[in-house]
Amino acid sequence: MRFVTRFAPSPTGQLHLGHAYSALLAHDMAQEAGGRFLLRIEDTDAARCTEAFEAQIYDDLEWLGVRWEEPVLKQSQNTAAYDAALSVLADKGVLYPCSCTRGDIRRAMSAPQEGAPLHGPDGVIYPGTCRDRLWEDRTDTDAVRLDMRKAMTQAGALRQYEETGIHPALRLTAEHFIDQIGDVVLARRDTRTAAYHLSVVVDDAAQDITHVIRGEDLATATPIHVLLQQLLGLPIPIYHHHKLIRDEAGKRLAKRDDARAIAAYRADGKTPSEIRSMVGL
Ligand code: GLU
């Protein structure tokens with residue numbers, strides 16, 4: 001079986017033990033399978049990504065013993081591909097422009113008839129204020145949302161889910177997609193750059209990824225990715241969601257946990273094999 005996997009960090013902070021685990025696990029699995037290991041820099045959010053963090057990613061990974069194929073795909077250089085994917089979805093009639101700010105959404109959700117706001121993979125489920133707007137009326141400052149109801153009516157979208165059985169989490173009903181996930185953002189407001197769900201799906205296909213190996217914090221996003229793959233006619237990789245590395249209190253590590261940054265362990269004189277055993281590899 002072909003095996004092509006990747007590690008896809010965002011250069012918005014230092015790599016920590018959780019990233020080390022994810023990168024080493026994917027790298028080890030590719031080696032064991034005689035497959036390929038690729039690197040992708042997910043830097044679409046220009047306001048939060050820096051070149052210094054990107055350079056640190058290469059440096060830390062190399063130190064850990066991770067080797068990847070060149071060239072590295074940088075999402076900031078691949079925006080035309082995301083625009084093309086948006087056009088395909090727009091032609092299917094499943095997108096609409098949205099001008100709501102977070103504040104607008106909060107206010108709409110606190111209207112007396114709304115009840116307690118429901119949360120999906122991206123936070124509060126969008127109440128649908130802009131859902132009737134036409135794609136043609138999109139302005140430069142609008143975000144783009146997927147109309148989940150319309151996405152669900154597209155031929156085959158759900159039938160295939162049931163047949164493939166790629167991952168139990170993907171055997172979801174249309175109601176689940178509509179009520180528990182909702183109209184996710186596929187392009188951001190103001191910057192007009194692709195949002196994570198869209199860019200990740202386009203690039204996993206562009207890089208020919210057969211196996212996505214990533215943390216279980218992203219498991220709730222996977223159904224969105226499989227749906228987009230189906231709408232865009234892209235291959236569906238096999239998904240493996242691994243355990244998260246947690247601190248002593250059981251909390252998952254965050255980018256701001258500088259004490260657990262790989263750079264901090266390196267400065268402390270730790271070796272790559274000590275890092276491996278710390279994460280249980
Ligand atoms: N860029 C994402 C992150 O930093 C990972 C995306 C993925 O593996 O699908 O968490």
# chains A, B, ... in the order shown; residues from 1 in each chain; ligands from 1
call {"tool": "residues_near_ligand", "arguments": {"ligand": "ligand 1", "cutoff": "9 Å", "atoms": "only C-alpha atoms and all ligand atoms", "output": "number ranges by chain"}}
result
A: 6-12, 19, 22, 40-43, 196-197, 200-201, 204, 212-215, 217-218, 221-222
call {"tool": "write_last_selection", "arguments": {"atoms": "C-alpha atoms", "output": "compact mmCIF listing (two decimals), in the first residue's frame"}}
result
# COMPACT_ATOMS: atom_id res chain seq x y z
CA ARG A 6 3.01 14.82 6.38
CA PHE A 7 3.59 17.09 9.35
CA ALA A 8 1.82 20.43 8.94
CA PRO A 9 2.75 22.93 11.65
CA SER A 10 1.70 26.59 11.72
CA PRO A 11 4.62 28.94 12.49
CA THR A 12 2.69 30.84 15.15
CA HIS A 19 4.49 18.66 17.99
CA SER A 22 3.22 14.19 16.09
CA ARG A 40 3.96 21.64 5.02
CA ILE A 41 4.09 25.08 6.59
CA GLU A 42 0.52 26.24 7.33
CA ASP A 43 1.13 29.97 7.22
CA TYR A 196 -7.76 26.00 7.67
CA HIS A 197 -10.47 23.52 6.56
CA VAL A 200 -5.66 21.60 4.50
CA VAL A 201 -7.91 19.63 2.17
CA ASP A 204 -3.39 17.07 1.34
CA VAL A 212 -3.07 11.94 7.74
CA ILE A 213 -1.52 11.45 11.18
CA ARG A 214 -2.47 14.22 13.62
CA GLY A 215 -3.66 14.88 17.14
CA ASP A 217 -7.87 17.55 18.97
CA LEU A 218 -8.45 17.69 15.21
CA ALA A 221 -12.56 18.69 12.08
CA THR A 222 -12.05 15.51 10.06
call {"tool": "select_by_dssp", "arguments": {"residues": "range 22-187 of chain A", "states": "strand (DSSP E or B)", "output": "PyMOL selection string"}}
result
chain A and resi 36-41+73-74+95-98+119-120+123-124+143-146+185-187
call {"tool": "atom_distance", "arguments": {"atom1": "CA of Thr210 in chain A", "atom2": "CA of Ala80 in chain A"}}
result
23.0 Å
call {"tool": "closest_residue", "arguments": {"among": "A:Asp142, A:Gly65, A:Thr220, A:Val72", "to": "His119 in chain A", "atoms": "only C-alpha atoms"}}
result
A:Thr220
call {"tool": "residues_around", "arguments": {"residues": "Arg2 in chain A", "least_positions_apart": "4", "cutoff": "9 Å", "atoms": "only C-alpha atoms", "output": "JSON, numbers by chain"}}
result
{"A": [33, 34, 35, 36, 210]}
call {"tool": "closest_residue", "arguments": {"among": "A:Ala174, A:Leu25, A:Ala108, A:Ile125", "to": "Gln154 in chain A", "atoms": "only C-alpha atoms"}}
result
A:Ala174
call {"tool": "select_by_dssp", "arguments": {"residues": "range 91-240 of chain A", "states": "alpha helix (DSSP H)", "output": "JSON, numbers by chain"}}
result
{"A": [91, 102, 103, 104, 105, 106, 107, 108, 109, 148, 149, 150, 151, 152, 153, 159, 160, 161, 162, 163, 164, 174, 175, 176, 196, 197, 198, 199, 200, 201, 202, 203, 204, 205, 206, 222, 223, 224, 225, 226, 227, 228, 229, 230, 231, 232]}
call {"tool": "write_last_selection", "arguments": {"atoms": "N, CA and C atoms", "output": "short mmCIF file (atom, residue, chain, number, x, y, z; two decimals), in the first residue's frame"}}
result
data_model
loop_
_atom_site.label_atom_id
_atom_site.label_comp_id
_atom_site.auth_asym_id
_atom_site.auth_seq_id
_atom_site.Cartn_x
_atom_site.Cartn_y
_atom_site.Cartn_z
N ASP A 91 -19.53 27.34 -7.62
CA ASP A 91 -20.30 26.86 -8.77
C ASP A 91 -21.32 25.80 -8.36
N ARG A 102 -17.33 38.57 15.18
CA ARG A 102 -17.60 37.72 16.35
C ARG A 102 -18.68 38.36 17.22
N GLY A 103 -18.62 39.69 17.34
CA GLY A 103 -19.60 40.42 18.16
C GLY A 103 -21.01 40.25 17.60
N ASP A 104 -21.14 40.35 16.27
CA ASP A 104 -22.46 40.16 15.63
C ASP A 104 -23.01 38.78 15.98
N ILE A 105 -22.12 37.77 15.91
CA ILE A 105 -22.57 36.39 16.15
C ILE A 105 -23.00 36.23 17.62
N ARG A 106 -22.19 36.83 18.51
CA ARG A 106 -22.53 36.75 19.94
C ARG A 106 -23.89 37.38 20.19
N ARG A 107 -24.12 38.56 19.58
CA ARG A 107 -25.39 39.25 19.79
C ARG A 107 -26.56 38.44 19.24
N ALA A 108 -26.36 37.86 18.04
CA ALA A 108 -27.44 37.06 17.44
C ALA A 108 -27.76 35.86 18.34
N MET A 109 -26.70 35.28 18.95
CA MET A 109 -26.90 34.10 19.78
C MET A 109 -27.55 34.44 21.12
N MET A 148 -24.18 24.43 5.06
CA MET A 148 -24.14 23.00 5.36
C MET A 148 -25.39 22.27 4.86
N ARG A 149 -26.54 22.96 4.92
CA ARG A 149 -27.75 22.29 4.42
C ARG A 149 -27.60 21.97 2.95
N LYS A 150 -27.13 22.98 2.19
CA LYS A 150 -26.98 22.76 0.74
C LYS A 150 -25.89 21.73 0.46
N ALA A 151 -24.81 21.77 1.25
CA ALA A 151 -23.72 20.80 1.04
C ALA A 151 -24.26 19.38 1.20
N MET A 152 -25.19 19.23 2.16
CA MET A 152 -25.73 17.90 2.45
C MET A 152 -26.60 17.37 1.31
N THR A 153 -27.16 18.29 0.51
CA THR A 153 -28.04 17.82 -0.56
C THR A 153 -27.26 17.44 -1.81
N ARG A 159 -23.79 9.33 1.24
CA ARG A 159 -23.82 7.90 0.94
C ARG A 159 -22.41 7.33 1.05
N GLN A 160 -21.45 8.08 0.48
CA GLN A 160 -20.09 7.59 0.47
C GLN A 160 -19.50 7.44 1.87
N TYR A 161 -19.90 8.36 2.74
CA TYR A 161 -19.45 8.26 4.13
C TYR A 161 -19.76 6.90 4.69
N GLU A 162 -21.02 6.49 4.48
CA GLU A 162 -21.47 5.24 5.08
C GLU A 162 -20.73 4.06 4.49
N GLU A 163 -20.39 4.14 3.22
CA GLU A 163 -19.75 3.00 2.57
C GLU A 163 -18.28 2.87 2.89
N THR A 164 -17.59 4.01 3.04
CA THR A 164 -16.14 3.92 3.17
C THR A 164 -15.71 3.41 4.55
N ALA A 174 -26.72 13.64 8.22
CA ALA A 174 -26.83 15.01 7.71
C ALA A 174 -27.23 15.94 8.85
N GLU A 175 -28.11 15.47 9.73
CA GLU A 175 -28.55 16.31 10.86
C GLU A 175 -27.36 16.68 11.73
N HIS A 176 -26.45 15.73 11.92
CA HIS A 176 -25.28 16.03 12.73
C HIS A 176 -24.47 17.16 12.09
N TYR A 196 -8.41 27.30 7.47
CA TYR A 196 -7.76 26.00 7.67
C TYR A 196 -8.45 24.84 6.95
N HIS A 197 -9.79 24.71 7.12
CA HIS A 197 -10.47 23.52 6.56
C HIS A 197 -10.27 23.42 5.05
N LEU A 198 -10.26 24.55 4.38
CA LEU A 198 -10.12 24.51 2.92
C LEU A 198 -8.68 24.25 2.51
N SER A 199 -7.74 25.00 3.10
CA SER A 199 -6.35 24.86 2.66
C SER A 199 -5.80 23.47 2.98
N VAL A 200 -6.20 22.91 4.12
CA VAL A 200 -5.66 21.60 4.50
C VAL A 200 -6.11 20.51 3.52
N VAL A 201 -7.35 20.63 3.08
CA VAL A 201 -7.91 19.63 2.17
C VAL A 201 -7.28 19.75 0.77
N VAL A 202 -7.13 20.99 0.31
CA VAL A 202 -6.53 21.22 -1.01
C VAL A 202 -5.08 20.71 -1.00
N ASP A 203 -4.37 20.99 0.08
CA ASP A 203 -2.95 20.62 0.10
C ASP A 203 -2.72 19.14 0.37
N ASP A 204 -3.57 18.51 1.17
CA ASP A 204 -3.39 17.07 1.34
C ASP A 204 -3.54 16.38 -0.01
N ALA A 205 -4.46 16.88 -0.84
CA ALA A 205 -4.61 16.29 -2.18
C ALA A 205 -3.40 16.66 -3.06
N ALA A 206 -2.98 17.93 -3.00
CA ALA A 206 -1.86 18.38 -3.85
C ALA A 206 -0.58 17.62 -3.51
N THR A 222 -12.21 16.47 11.16
CA THR A 222 -12.05 15.51 10.06
C THR A 222 -13.33 15.31 9.23
N PRO A 223 -14.52 15.20 9.86
CA PRO A 223 -15.71 15.08 9.03
C PRO A 223 -15.88 16.26 8.04
N ILE A 224 -15.49 17.45 8.47
CA ILE A 224 -15.58 18.62 7.58
C ILE A 224 -14.62 18.41 6.40
N HIS A 225 -13.45 17.87 6.70
CA HIS A 225 -12.45 17.68 5.64
C HIS A 225 -12.91 16.62 4.64
N VAL A 226 -13.48 15.54 5.16
CA VAL A 226 -13.96 14.48 4.26
C VAL A 226 -15.11 15.00 3.40
N LEU A 227 -15.98 15.79 4.00
CA LEU A 227 -17.08 16.38 3.22
C LEU A 227 -16.53 17.27 2.10
N LEU A 228 -15.55 18.11 2.42
CA LEU A 228 -14.96 18.98 1.38
C LEU A 228 -14.29 18.15 0.29
N GLN A 229 -13.62 17.08 0.70
CA GLN A 229 -12.98 16.21 -0.30
C GLN A 229 -14.04 15.66 -1.26
N GLN A 230 -15.19 15.29 -0.70
CA GLN A 230 -16.24 14.75 -1.56
C GLN A 230 -16.82 15.81 -2.47
N LEU A 231 -17.03 17.00 -1.94
CA LEU A 231 -17.60 18.08 -2.76
C LEU A 231 -16.63 18.49 -3.86
N LEU A 232 -15.33 18.42 -3.55
CA LEU A 232 -14.31 18.86 -4.52
C LEU A 232 -13.81 17.71 -5.40
#
call {"tool": "residues_around", "arguments": {"residues": "range 262-279 of chain A", "least_positions_apart": "2", "cutoff": "9 Å", "atoms": "only C-alpha atoms", "output": "list of chain:residue names"}}
result
A:Gln14, A:Leu15, A:His16, A:Leu17, A:Gly18, A:His19, A:Ala20, A:Tyr21, A:Leu24, A:Gln56, A:Asp60, A:Trp63, A:Leu64, A:Gly65, A:Ile245, A:Asp258, A:Ala259, A:Arg260, A:Leu281
call {"tool": "residues_around", "arguments": {"residues": "range 179-185 of chain A", "least_positions_apart": "2", "cutoff": "7 Å", "atoms": "only C-alpha atoms", "output": "number ranges by chain"}}
result
A: 120-121, 125-126, 143-148, 175-177, 187-188, 195
call {"tool": "atom_distance", "arguments": {"atom1": "CA of Glu248 in chain A", "atom2": "CA of Val66 in chain A"}}
result
26.5 Å
call {"tool": "atom_distance", "arguments": {"atom1": "CA of Glu51 in chain A", "atom2": "CA of Ala194 in chain A"}}
result
19.5 Å
call {"tool": "closest_residue", "arguments": {"among": "A:Leu186, A:Ala26, A:Ile178, A:Ile238", "to": "Cys98 in chain A", "atoms": "only C-alpha atoms"}}
result
A:Leu186
call {"tool": "residues_around", "arguments": {"residues": "Arg138 in chain A", "least_positions_apart": "2", "cutoff": "8 Å", "atoms": "only C-alpha atoms", "output": "PyMOL selection string"}}
result
chain A and resi 96-98+134-136+140+142
call {"tool": "write_last_selection", "arguments": {"atoms": "C-alpha atoms", "output": "mmCIF file, in the first residue's frame"}}
result
data_model
loop_
_atom_site.group_PDB
_atom_site.id
_atom_site.type_symbol
_atom_site.label_atom_id
_atom_site.label_comp_id
_atom_site.auth_asym_id
_atom_site.auth_seq_id
_atom_site.Cartn_x
_atom_site.Cartn_y
_atom_site.Cartn_z
ATOM 1 C CA TYR A 96 -22.282 32.379 0.737
ATOM 2 C CA PRO A 97 -20.503 35.581 1.807
ATOM 3 C CA CYS A 98 -20.724 36.527 5.472
ATOM 4 C CA LEU A 134 -25.837 35.661 -2.789
ATOM 5 C CA TRP A 135 -22.324 34.556 -3.640
ATOM 6 C CA GLU A 136 -22.237 37.237 -6.377
ATOM 7 C CA ASP A 140 -13.664 42.358 -0.183
ATOM 8 C CA ASP A 142 -16.665 39.279 3.647
#
call {"tool": "closest_residue", "arguments": {"among": "A:Gly233, A:Gly128, A:Thr193, A:Asp45", "to": "Leu89 in chain A", "atoms": "only C-alpha atoms"}}
result
A:Gly233
call {"tool": "closest_residue", "arguments": {"among": "A:Cys130, A:Lys255, A:Leu244, A:Gly13", "to": "Ala55 in chain A", "atoms": "only C-alpha atoms"}}
result
A:Gly13
call {"tool": "residues_around", "arguments": {"residues": "Glu69 in chain A", "least_positions_apart": "2", "cutoff": "7 Å", "atoms": "only C-alpha atoms", "output": "ChimeraX atom specification"}}
result
/A:37-38,71
call {"tool": "write_last_selection", "arguments": {"atoms": "N, CA and C atoms", "output": "mmCIF file, in the first residue's frame"}}
result
data_model
loop_
_atom_site.group_PDB
_atom_site.id
_atom_site.type_symbol
_atom_site.label_atom_id
_atom_site.label_comp_id
_atom_site.auth_asym_id
_atom_site.auth_seq_id
_atom_site.Cartn_x
_atom_site.Cartn_y
_atom_site.Cartn_z
ATOM 1 N N PHE A 37 7.607 11.006 3.700
ATOM 2 C CA PHE A 37 7.239 11.960 4.751
ATOM 3 C C PHE A 37 7.455 13.375 4.213
ATOM 4 N N LEU A 38 6.407 14.177 4.242
ATOM 5 C CA LEU A 38 6.470 15.537 3.699
ATOM 6 C C LEU A 38 6.225 16.552 4.809
ATOM 7 N N PRO A 71 10.607 20.093 -2.331
ATOM 8 C CA PRO A 71 10.424 21.333 -1.589
ATOM 9 C C PRO A 71 9.335 21.229 -0.525
#
